[in-house]
file coords-v1.txt (compact mmCIF, C-alpha atoms)
# COMPACT_ATOMS: atom_id res chain seq x y z
CA MET E 80 25.64 15.82 21.93
CA LEU E 81 23.83 18.73 20.34
CA THR E 82 24.13 21.95 22.32
CA ARG E 83 20.87 23.88 22.54
CA SER E 84 20.78 27.33 24.07
CA ARG E 85 17.33 28.79 23.51
CA ILE E 86 13.78 27.76 24.27
CA LEU E 87 11.27 29.44 21.97
CA LEU E 88 7.58 29.80 22.66
CA LEU E 89 4.96 29.78 19.93
CA PRO E 90 1.95 31.76 21.16
CA LEU E 91 -0.61 29.48 19.54
CA VAL E 92 0.76 26.00 20.12
CA PHE E 93 2.97 26.75 23.15
CA LEU E 94 5.78 24.67 21.80
CA ALA E 95 9.15 24.39 23.54
CA LEU E 96 11.49 24.55 20.57
CA LEU E 97 15.19 24.30 21.26
CA VAL E 98 17.53 26.15 18.92
CA THR E 99 20.94 27.72 18.93
CA ALA E 100 22.38 31.02 20.03
CA CYS E 101 21.03 34.38 19.01
CA GLY E 102 22.05 36.14 15.83
CA GLY E 103 21.82 39.89 15.22
CA GLY E 104 18.88 42.16 15.89
CA PRO E 105 17.83 42.01 19.58
CA SER E 106 17.90 45.03 21.88
CA GLU E 107 20.42 45.21 24.69
CA PRO E 108 19.06 43.01 27.53
CA ARG E 109 17.95 45.03 30.56
CA PRO E 110 16.65 44.06 34.00
CA VAL E 111 12.98 43.10 34.24
CA SER E 112 11.14 45.96 35.96
CA GLY E 113 7.78 47.64 36.43
CA GLU E 114 4.65 45.74 35.42
CA MET E 115 6.70 42.95 33.92
CA GLU E 116 8.45 42.38 37.24
CA GLU E 117 5.10 42.37 39.05
CA LEU E 118 3.79 39.79 36.62
CA LEU E 119 6.91 37.67 37.13
CA HIS E 120 6.35 37.62 40.91
CA GLU E 121 2.68 36.71 40.42
CA VAL E 122 3.64 33.81 38.17
CA ALA E 123 6.34 32.67 40.60
CA ALA E 124 3.88 32.69 43.51
CA MET E 125 1.38 30.68 41.48
CA ARG E 126 4.11 28.16 40.57
CA GLN E 127 5.20 28.06 44.25
CA LEU E 128 8.76 29.03 43.42
CA GLU E 129 10.88 32.08 44.18
CA ALA E 130 11.12 34.59 41.34
CA PRO E 131 14.47 34.40 39.49
CA SER E 132 17.03 37.01 40.42
CA GLY E 133 18.89 38.74 37.63
CA LEU E 134 16.33 37.90 34.91
CA ARG E 135 16.69 40.31 32.00
CA ILE E 136 14.43 41.21 29.10
CA GLU E 137 15.15 41.99 25.46
CA THR E 138 13.01 42.87 22.47
CA VAL E 139 13.35 41.56 18.94
CA THR E 140 11.55 42.80 15.84
CA PRO E 141 9.58 40.25 13.78
CA ARG E 142 11.98 40.90 10.89
CA ASP E 143 15.01 40.02 13.01
CA PHE E 144 13.48 37.07 14.80
CA PRO E 145 13.86 34.46 12.01
CA ASP E 146 17.62 35.04 12.27
CA LEU E 147 17.74 34.13 15.97
CA PRO E 148 19.06 30.60 15.41
CA GLY E 149 22.19 32.14 13.89
CA GLU E 150 25.13 30.16 12.61
CA LEU E 151 25.76 26.71 14.03
CA THR E 152 29.09 26.00 15.67
CA GLY E 153 31.07 22.93 14.62
CA PRO E 154 29.82 20.65 17.44
CA GLN E 155 26.24 21.89 17.03
CA GLU E 156 26.31 21.28 13.29
CA ILE E 157 27.61 17.74 13.86
CA GLY E 158 24.87 17.13 16.41
CA TRP E 159 22.12 18.29 14.08
CA GLU E 160 23.60 16.22 11.26
CA ARG E 161 23.56 13.06 13.37
CA GLU E 162 20.03 13.63 14.62
CA THR E 163 18.87 14.42 11.08
CA ARG E 164 20.45 11.19 9.80
CA LEU E 165 18.76 9.17 12.53
CA TYR E 166 15.37 10.74 11.81
CA ARG E 167 15.76 10.08 8.09
CA LEU E 168 16.52 6.41 8.76
CA LEU E 169 13.48 6.13 11.02
CA GLY E 170 11.35 7.67 8.26
CA PHE E 171 10.59 10.88 10.16
CA LEU E 172 12.29 13.07 7.54
CA SER E 173 12.83 12.77 3.80
CA GLU E 174 16.29 13.00 2.29
CA ASP E 175 15.85 16.68 1.44
CA GLN E 176 14.67 17.66 4.92
CA HIS E 177 16.99 18.82 7.70
CA LEU E 178 15.90 18.81 11.32
CA PRO E 179 17.12 22.35 12.19
CA ASP E 180 15.28 23.75 9.15
CA VAL E 181 12.08 21.96 10.16
CA ARG E 182 12.28 23.30 13.70
CA ARG E 183 13.20 26.78 12.53
CA SER E 184 10.09 26.82 10.34
CA LEU E 185 8.06 26.75 13.55
CA SER E 186 9.32 30.19 14.58
CA SER E 187 7.23 32.22 12.13
CA SER E 188 4.76 33.52 14.76
CA VAL E 189 6.75 33.48 17.99
CA PHE E 190 5.87 36.25 20.48
CA GLY E 191 7.80 35.24 23.59
CA PHE E 192 10.90 33.16 24.31
CA TYR E 193 13.35 32.39 27.08
CA SER E 194 17.10 31.82 26.67
CA TRP E 195 19.51 29.86 28.82
CA GLU E 196 21.36 33.11 29.50
CA GLY E 197 18.51 34.25 31.77
CA ILE E 198 16.87 36.48 29.16
CA LEU E 199 13.14 36.83 28.65
CA GLY E 200 12.46 37.84 25.06
CA VAL E 201 9.54 39.64 23.46
CA VAL E 202 9.04 39.83 19.69
CA THR E 203 7.61 43.29 19.04
CA GLU E 204 7.60 45.84 16.23
CA ASP E 205 7.99 48.98 18.33
CA GLY E 206 10.43 47.70 20.96
CA GLY E 207 7.96 48.19 23.81
CA VAL E 208 6.90 45.70 26.47
CA ASP E 209 3.75 47.37 27.79
CA LEU E 210 1.51 44.67 29.25
CA GLU E 211 -1.57 46.82 28.71
CA ASP E 212 -1.04 46.59 24.95
CA PHE E 213 -0.66 42.79 24.95
CA SER E 214 -3.46 40.60 23.65
CA PRO E 215 -4.59 37.68 25.87
CA ASP E 216 -2.58 35.26 23.71
CA GLU E 217 0.52 37.46 23.93
CA ARG E 218 0.17 37.79 27.70
CA GLU E 219 -0.14 34.02 28.05
CA ALA E 220 2.94 33.60 25.87
CA ILE E 221 4.97 35.83 28.18
CA VAL E 222 3.69 33.98 31.27
CA HIS E 223 4.63 30.72 29.58
CA ALA E 224 8.16 31.98 28.97
CA MET E 225 8.34 33.11 32.59
CA ILE E 226 7.54 29.58 33.72
CA TYR E 227 10.47 28.36 31.62
CA ALA E 228 12.63 30.94 33.39
CA LEU E 229 11.45 29.65 36.78
CA GLN E 230 12.19 26.06 35.78
CA ASP E 231 15.66 26.91 34.55
CA TYR E 232 16.53 29.12 37.53
CA HIS E 233 15.55 26.48 40.11
CA PHE E 234 16.35 23.24 38.30
CA ASP E 235 19.16 24.13 35.84
CA LEU E 236 17.53 22.71 32.73
CA ARG E 237 20.63 23.13 30.57
CA SER E 238 22.77 20.95 32.84
CA THR E 239 20.11 18.25 32.83
CA TYR E 240 19.97 18.30 29.02
CA ARG E 241 23.72 17.96 28.83
CA ASN E 242 23.69 14.98 31.18
CA LEU E 243 21.12 13.10 29.07
CA GLY E 244 23.60 12.55 26.24
CA TRP E 245 21.93 10.82 23.28
CA ASN E 246 19.22 9.16 25.37
CA LEU E 247 16.36 10.39 23.19
CA ASP E 248 13.80 8.69 25.41
CA LEU E 249 14.75 10.88 28.37
CA HIS E 250 15.15 13.95 26.15
CA LEU E 251 11.55 13.67 24.99
CA GLY E 252 10.31 12.75 28.47
CA PHE E 253 12.08 15.84 29.82
CA ARG E 254 10.49 18.08 27.21
CA ALA E 255 7.08 16.64 28.10
CA VAL E 256 7.67 17.49 31.78
CA ILE E 257 8.81 21.04 30.95
CA GLU E 258 5.91 21.70 28.61
CA GLY E 259 3.33 19.87 30.72
CA ASP E 260 4.33 21.87 33.80
CA ALA E 261 4.14 25.16 31.88
CA THR E 262 0.83 24.38 30.21
CA VAL E 263 -0.96 23.27 33.38
CA HIS E 264 0.22 26.30 35.33
CA ILE E 265 -0.75 28.63 32.48
CA SER E 266 -4.29 27.26 32.91
CA ARG E 267 -4.16 27.85 36.64
CA PHE E 268 -2.85 31.37 36.21
CA THR E 269 -5.47 32.37 33.64
CA GLY E 270 -8.28 30.51 35.41
CA THR E 271 -9.06 28.41 32.36
CA THR E 272 -9.49 24.67 32.18
CA THR E 273 -7.07 22.97 29.81
CA THR E 274 -8.25 19.61 28.56
CA GLU E 275 -6.43 17.13 26.40
CA GLU E 276 -9.01 17.75 23.67
CA ALA E 277 -7.97 21.41 23.63
CA TYR E 278 -4.64 20.26 22.21
CA GLU E 279 -5.98 18.14 19.39
CA PHE E 280 -4.81 20.79 16.91
CA LEU E 281 -1.28 20.15 18.12
CA ALA E 282 -1.34 16.83 16.32
CA ALA E 283 -1.30 18.66 13.01
CA PRO E 284 0.92 21.77 13.13
CA TYR E 285 2.17 20.68 9.68
CA HIS E 286 -1.05 22.21 8.37
CA ILE E 287 0.41 25.56 9.39
CA THR E 288 4.13 25.08 9.07
CA ASN E 289 4.60 22.09 6.74
CA VAL E 290 6.17 20.12 9.57
CA PRO E 291 6.41 16.38 8.73
CA ALA E 292 3.74 14.25 10.39
CA SER E 293 6.20 12.37 12.61
CA ILE E 294 7.71 15.61 13.92
CA ALA E 295 4.21 16.98 14.45
CA ARG E 296 3.30 13.92 16.52
CA GLU E 297 6.47 14.34 18.58
CA PHE E 298 5.56 17.94 19.42
CA ALA E 299 1.95 16.94 20.08
CA PHE E 300 3.16 14.30 22.51
CA GLN E 301 5.18 16.71 24.61
CA ASN E 302 2.25 19.13 24.75
CA SER E 303 -0.89 17.02 25.01
CA ALA E 304 0.50 13.97 26.80
CA GLY E 305 2.82 16.17 28.85
CA SER E 306 -0.02 18.38 30.09
CA ALA E 307 -2.29 15.42 30.89
CA TRP E 308 0.56 13.75 32.77
CA ALA E 309 1.46 16.92 34.70
CA ARG E 310 -2.16 17.31 35.83
CA GLU E 311 -2.05 13.74 37.11
CA VAL E 312 1.18 14.35 39.01
CA LEU E 313 -0.13 17.51 40.64
CA ALA E 314 -3.43 15.87 41.56
CA THR E 315 -1.95 12.70 43.06
CA GLN E 316 1.54 13.66 44.26
CA GLY E 317 1.76 17.43 44.44
CA VAL E 318 4.09 20.10 43.12
CA GLU E 319 7.23 18.73 44.82
CA ALA E 320 6.89 15.53 42.81
CA LEU E 321 6.68 17.58 39.61
CA ASN E 322 9.80 19.47 40.69
CA THR E 323 11.59 16.14 41.16
CA TYR E 324 10.77 15.12 37.59
CA LEU E 325 12.37 18.36 36.38
CA ARG E 326 15.56 17.24 38.14
CA TYR E 327 15.32 13.59 37.11
CA PRO E 328 13.46 13.26 33.78
CA PRO E 329 11.18 10.24 33.27
CA SER E 330 11.02 7.82 30.38
CA THR E 331 8.33 8.52 27.79
CA THR E 332 6.75 5.29 29.04
CA VAL E 333 5.95 7.03 32.32
CA ILE E 334 4.35 9.90 30.40
CA LEU E 335 2.28 7.46 28.32
CA HIS E 336 1.41 5.27 31.31
CA PRO E 337 1.19 7.53 34.39
CA GLU E 338 -0.01 4.62 36.53
CA LEU E 339 3.62 3.47 36.55
CA MET E 340 4.46 6.40 38.82
CA GLU E 341 2.86 4.44 41.68
CA SER E 342 5.25 1.52 41.14
CA ASP E 343 9.01 1.03 41.19
CA TRP E 344 9.13 0.51 37.42
CA GLU E 345 12.31 1.52 35.62
CA PRO E 346 13.53 0.75 32.08
CA GLU E 347 15.83 -2.24 31.77
CA ARG E 348 19.39 -1.44 30.82
CA LEU E 349 20.60 -3.55 27.93
CA THR E 350 24.23 -4.52 28.43
CA SER E 351 26.35 -5.39 25.36
CA PRO E 352 23.25 -5.39 23.13
CA PHE E 353 25.16 -5.60 19.82
CA PRO E 354 28.18 -7.89 20.06
CA GLY E 355 30.24 -7.77 16.88
CA LEU E 356 28.54 -4.63 15.55
CA ARG E 357 31.67 -2.50 15.47
CA SER E 358 33.86 -5.11 13.82
CA SER E 359 31.14 -5.71 11.23
CA LEU E 360 30.63 -2.07 10.26
CA ILE E 361 34.10 -0.52 10.50
CA PRO E 362 35.37 -2.42 7.41
CA LEU E 363 32.52 -0.74 5.49
CA GLY E 364 33.84 2.70 6.45
CA LEU E 365 31.29 3.29 9.22
CA GLU E 366 31.94 4.34 12.79
CA ALA E 367 29.68 4.89 15.79
CA THR E 368 28.41 8.47 16.07
CA ALA E 369 25.63 8.18 18.68
CA TRP E 370 24.08 5.61 20.97
CA GLY E 371 21.38 5.61 23.62
CA SER E 372 17.70 4.79 23.95
CA LEU E 373 14.83 5.68 21.61
CA GLY E 374 12.07 4.98 24.13
CA GLU E 375 8.48 3.89 23.77
CA PHE E 376 7.14 7.04 22.16
CA LEU E 377 9.73 7.30 19.37
CA LEU E 378 9.18 3.62 18.59
CA LEU E 379 5.43 4.25 18.58
CA ASN E 380 6.02 7.21 16.26
CA TYR E 381 8.07 4.93 14.00
CA LEU E 382 5.18 2.45 13.83
CA LEU E 383 2.77 5.27 13.02
CA SER E 384 4.71 6.08 9.86
CA ALA E 385 2.55 3.40 8.23
CA ALA E 386 -0.67 5.21 9.18
CA PRO E 387 -2.73 6.09 6.09
CA THR E 388 -2.93 9.73 7.21
CA PRO E 389 -0.84 11.80 9.63
CA SER E 390 -3.64 11.73 12.18
CA ASP E 391 -3.55 12.47 15.89
CA TRP E 392 -1.34 9.80 17.46
CA ARG E 393 -4.07 9.06 20.03
CA GLN E 394 -6.82 8.27 17.52
CA GLY E 395 -7.53 6.04 14.54
CA ALA E 396 -7.54 2.32 13.86
CA TRP E 397 -3.85 2.05 13.03
CA THR E 398 -2.96 4.22 16.01
CA GLY E 399 -4.68 1.76 18.33
CA THR E 400 -2.70 -1.10 16.82
CA ALA E 401 0.57 0.83 17.16
CA LEU E 402 -0.18 1.82 20.76
CA GLU E 403 -0.78 -1.79 21.70
CA ALA E 404 2.34 -2.94 19.84
CA ALA E 405 4.58 -0.39 21.56
CA ALA E 406 3.08 -1.03 25.00
CA GLY E 407 5.03 -3.52 27.06
CA TRP E 408 8.27 -1.70 26.19
CA ALA E 409 10.83 -2.50 28.87
CA GLY E 410 13.94 -0.85 27.40
CA ASP E 411 15.93 -0.45 24.20
CA SER E 412 19.32 0.42 22.85
CA TYR E 413 20.24 1.97 19.51
CA TYR E 414 23.58 2.57 17.84
CA LEU E 415 23.93 5.06 14.99
CA TYR E 416 26.83 4.48 12.61
CA GLY E 417 27.82 6.81 9.82
CA GLY E 418 30.32 7.25 7.04
CA VAL E 419 30.86 9.59 4.12
CA GLU E 420 27.74 8.42 2.29
CA GLU E 421 26.40 5.43 4.19
CA GLY E 422 24.61 5.23 7.52
CA VAL E 423 22.76 2.70 9.65
CA VAL E 424 20.94 2.54 12.97
CA ALA E 425 20.85 -0.79 14.81
CA VAL E 426 18.05 -1.22 17.34
CA ARG E 427 17.34 -3.80 20.02
CA VAL E 428 14.04 -3.40 21.86
CA ARG E 429 13.19 -5.42 24.97
CA PHE E 430 9.63 -6.09 26.10
CA VAL E 431 8.00 -7.25 29.29
CA SER E 432 7.05 -10.60 27.70
CA GLU E 433 7.80 -12.66 24.61
CA GLU E 434 4.19 -12.15 23.56
CA ASP E 435 4.71 -8.37 23.63
CA ALA E 436 7.92 -8.76 21.61
CA HIS E 437 6.16 -10.76 18.89
CA GLU E 438 3.30 -8.23 18.75
CA PHE E 439 5.76 -5.36 18.21
CA ALA E 440 7.81 -7.37 15.68
CA GLU E 441 4.68 -8.03 13.62
CA ALA E 442 3.77 -4.34 13.55
CA GLN E 443 7.36 -3.31 12.85
CA ARG E 444 7.61 -5.77 9.96
CA GLU E 445 4.42 -4.32 8.48
CA VAL E 446 5.94 -0.84 8.61
CA ALA E 447 9.26 -1.97 7.10
CA THR E 448 7.76 -4.00 4.27
CA ALA E 449 4.91 -1.67 3.24
CA GLY E 450 5.58 -0.75 -0.40
CA ALA E 451 9.05 -2.31 -0.18
CA GLU E 452 10.94 -4.94 -2.14
CA VAL E 453 11.34 -7.84 0.28
CA VAL E 454 14.03 -10.51 0.12
CA GLU E 455 14.50 -13.41 2.55
CA ASP E 456 18.22 -13.90 3.09
CA GLY E 457 18.48 -16.89 5.40
CA ALA E 458 17.48 -15.77 8.88
CA ILE E 459 17.48 -12.11 7.78
CA THR E 460 14.59 -10.37 6.05
CA ILE E 461 15.71 -7.44 3.87
CA ALA E 462 13.11 -4.79 2.93
CA THR E 463 14.12 -1.99 0.54
CA LYS E 464 11.92 1.11 0.33
CA GLU E 465 11.56 3.38 -2.68
CA ASN E 466 13.39 6.14 -0.78
CA GLY E 467 16.45 3.89 -0.51
CA ASN E 468 16.15 3.00 3.18
CA VAL E 469 16.75 -0.69 3.81
CA THR E 470 15.53 -2.55 6.91
CA ALA E 471 17.17 -5.81 7.99
CA MET E 472 15.08 -7.84 10.46
CA LEU E 473 15.50 -10.97 12.54
CA GLU E 474 12.87 -13.03 14.27
CA PRO E 475 12.38 -12.00 17.92
CA VAL E 476 14.90 -13.51 20.33
CA GLY E 477 13.09 -14.14 23.59
CA ARG E 478 11.81 -10.75 24.74
CA ASP E 479 14.01 -8.84 22.26
CA VAL E 480 13.23 -7.46 18.82
CA ILE E 481 16.27 -6.69 16.67
CA PHE E 482 16.38 -4.70 13.44
CA ALA E 483 18.59 -2.26 11.57
CA ILE E 484 17.76 0.47 9.07
CA GLY E 485 20.48 1.52 6.67
CA THR E 486 21.14 3.42 3.49
CA SER E 487 21.92 0.18 1.65
CA ALA E 488 21.25 -3.54 1.98
CA GLU E 489 24.96 -4.11 2.62
CA VAL E 490 25.17 -1.95 5.74
CA ALA E 491 21.75 -3.02 7.07
CA ARG E 492 22.64 -6.71 6.71
CA ALA E 493 26.08 -6.16 8.24
CA ALA E 494 24.49 -4.60 11.35
CA VAL E 495 22.40 -7.66 12.21
CA GLU E 496 24.54 -10.44 10.72
CA PRO E 497 26.71 -10.90 13.84
CA LEU E 498 23.54 -11.61 15.82
CA VAL E 499 22.24 -14.40 13.61
CA GLY E 500 21.97 -17.46 15.77
CA GLY E 501 23.09 -15.40 18.78
call {"tool": "encode", "arguments": {"input": "coords-v1.txt", "output": "structure tokens"}}
result
Amino acid sequence: MLTRSRILLLPLVFLALLVTACGGGPSEPRPVSGEMEELLHEVAAMRQLEAPSGLRIETVTPRDFPDLPGELTGPQEIGWERETRLYRLLGFLSEDQHLPDVRRSLSSSVFGFYSWEGILGVVTEDGGVDLEDFSPDEREAIVHAMIYALQDYHFDLRSTYRNLGWNLDLHLGFRAVIEGDATVHISRFTGTTTTEEAYEFLAAPYHITNVPASIAREFAFQNSAGSAWAREVLATQGVEALNTYLRYPPSTTVILHPELMESDWEPERLTSPFPGLRSSLIPLGLEATAWGSLGEFLLLNYLLSAAPTPSDWRQGAWTGTALEAAAGWAGDSYYLYGGVEEGVVAVRVRFVSEEDAHEFAEAQREVATAGAEVVEDGAITIATKENGNVTAMLEPVGRDVIFAIGTSAEVARAAVEPLVGG
């Protein structure tokens, strides 16, 4: 799993961006004191948590800040490579785009950040941290970072991330809880009212940073849907319930459908979802590199890749169709296989009903075949896109939808072939 050791805060979009350890340039961390310590205690009281002990502060110049991600270690580089390959297969990234580069591009106007090492960071030209000189946006950015520090101090965010493995559904649900909690309490602290409409601009940060539309929607989800969901939790269940979600992250389905919090709903676990997959792909030089769950939102985001414009994921005719198609998600399992040049992701998605499964399969087929060369190969439909991605699809099996996306027709077909007639 990818190791992430810093949470960065963009002052305009309040985006929790996870990157790697710090490079050169920061000042020597020192204990938080004076006005900054007073502010920390005010924020902690508002959040109904004890202020962290031992929190330190460091300053970084704007010139040094772009170097903060530093050099990736071996395991980190492998993790980014796997996640980048998965996102390319899903259509979230083009072949010349790398996920760490895309996320680093979002750091151009960062003012405040928090690191796992218990360090509160301020990006400043003169090395000072005088609150009186901060603009309202800069002050909010520091308060936002302080909320991250509170979350990490009381709920050990890093350990939770590590325990999630490659379950991308829970990863994104966790980020939505973290960001939703921070955003709602920022509003309470400043006395402003944050509405979901206030985050509409979050659906299009690519206008500022050239972030791909699918990545933009992912960040918009954790901010807009996360904040709306956190408000609902606080209003109906209270702050202790929100604290529990920081310990035990929810599925993105719970974020999208907060009414499920009142039920005993849980995702179904798919046991042995791909019999014969390994024996089918290993002869082609591929081996399993990651497996877990994509979740309802990432599958929704995949369907939205066919949208005519990279619009807000909550609006538009195609968005409504995709939302309905992804709803009814009951669980999924994906396996990512890779080799020297080839790669494939095999996906099985389970729905509440067979009707829901057929609705998703119809939308998924439309995405896979749009602008593609389509060949019917017995029970398998093969759709080859201009970018080289090849989707192999089967008809729904009961409540399950099965498909694979590979770098060639050979590996895509091999991923689903063992399931034909099964």
call {"tool": "atom_distance", "arguments": {"input": "coords-v1.txt", "atom1": "CA of Glu114 in chain E", "atom2": "CA of Glu211 in chain E"}}
result
9.2 Å
call {"tool": "residues_around", "arguments": {"input": "coords-v1.txt", "residues": "Ala451 in chain E", "least_positions_apart": "4", "cutoff": "6 Å", "atoms": "all atoms listed in the file", "output": "list in words"}}
result
Ala462, Thr463 and Lys464 of chain E
call {"tool": "atom_distance", "arguments": {"input": "coords-v1.txt", "atom1": "CA of Ala369 in chain E", "atom2": "CA of Asp248 in chain E"}}
result
13.6 Å
call {"tool": "closest_residue", "arguments": {"input": "coords-v1.txt", "among": "E:Asn322, E:Glu375, E:Leu356, E:Ala314", "to": "Phe300 in chain E", "atoms": "only C-alpha atoms"}}
result
E:Glu375
call {"tool": "atom_distance", "arguments": {"input": "coords-v1.txt", "atom1": "CA of Tyr413 in chain E", "atom2": "CA of Phe430 in chain E"}}
result
14.9 Å
call {"tool": "build_atoms", "arguments": {"input": "coords-v1.txt", "residues": "range 288-305 of chain E", "atoms": "N, CA and C atoms", "output": "short mmCIF file (atom, residue, chain, number, x, y, z; two decimals), keeping the file's coordinate frame"}}
result
data_model
loop_
_atom_site.label_atom_id
_atom_site.label_comp_id
_atom_site.auth_asym_id
_atom_site.auth_seq_id
_atom_site.Cartn_x
_atom_site.Cartn_y
_atom_site.Cartn_z
N THR E 288 2.70 24.86 9.26
CA THR E 288 4.13 25.08 9.07
C THR E 288 4.81 24.05 8.17
N ASN E 289 4.04 23.14 7.59
CA ASN E 289 4.60 22.09 6.74
C ASN E 289 5.58 21.20 7.50
N VAL E 290 5.35 21.02 8.77
CA VAL E 290 6.17 20.12 9.57
C VAL E 290 5.78 18.69 9.23
N PRO E 291 6.74 17.78 9.01
CA PRO E 291 6.41 16.38 8.73
C PRO E 291 5.55 15.77 9.83
N ALA E 292 4.71 14.82 9.45
CA ALA E 292 3.74 14.25 10.39
C ALA E 292 4.41 13.67 11.63
N SER E 293 5.54 12.98 11.46
CA SER E 293 6.20 12.37 12.61
C SER E 293 6.73 13.42 13.58
N ILE E 294 7.24 14.53 13.05
CA ILE E 294 7.71 15.61 13.92
C ILE E 294 6.52 16.27 14.60
N ALA E 295 5.42 16.41 13.86
CA ALA E 295 4.21 16.98 14.45
C ALA E 295 3.72 16.13 15.61
N ARG E 296 3.74 14.81 15.44
CA ARG E 296 3.30 13.92 16.52
C ARG E 296 4.23 14.04 17.73
N GLU E 297 5.51 14.20 17.48
CA GLU E 297 6.47 14.34 18.58
C GLU E 297 6.16 15.59 19.39
N PHE E 298 5.89 16.71 18.72
CA PHE E 298 5.56 17.94 19.42
C PHE E 298 4.20 17.83 20.11
N ALA E 299 3.26 17.14 19.46
CA ALA E 299 1.95 16.94 20.08
C ALA E 299 2.07 16.12 21.35
N PHE E 300 2.95 15.13 21.33
CA PHE E 300 3.16 14.30 22.51
C PHE E 300 3.62 15.14 23.69
N GLN E 301 4.63 15.97 23.48
CA GLN E 301 5.18 16.71 24.61
C GLN E 301 4.17 17.72 25.14
N ASN E 302 3.25 18.18 24.29
CA ASN E 302 2.25 19.13 24.75
C ASN E 302 1.02 18.45 25.33
N SER E 303 0.36 17.61 24.55
CA SER E 303 -0.89 17.02 25.01
C SER E 303 -0.66 15.96 26.08
N ALA E 304 0.22 15.00 25.80
CA ALA E 304 0.50 13.97 26.80
C ALA E 304 1.21 14.57 28.01
N GLY E 305 2.10 15.54 27.76
CA GLY E 305 2.82 16.17 28.85
C GLY E 305 1.88 16.91 29.79
#
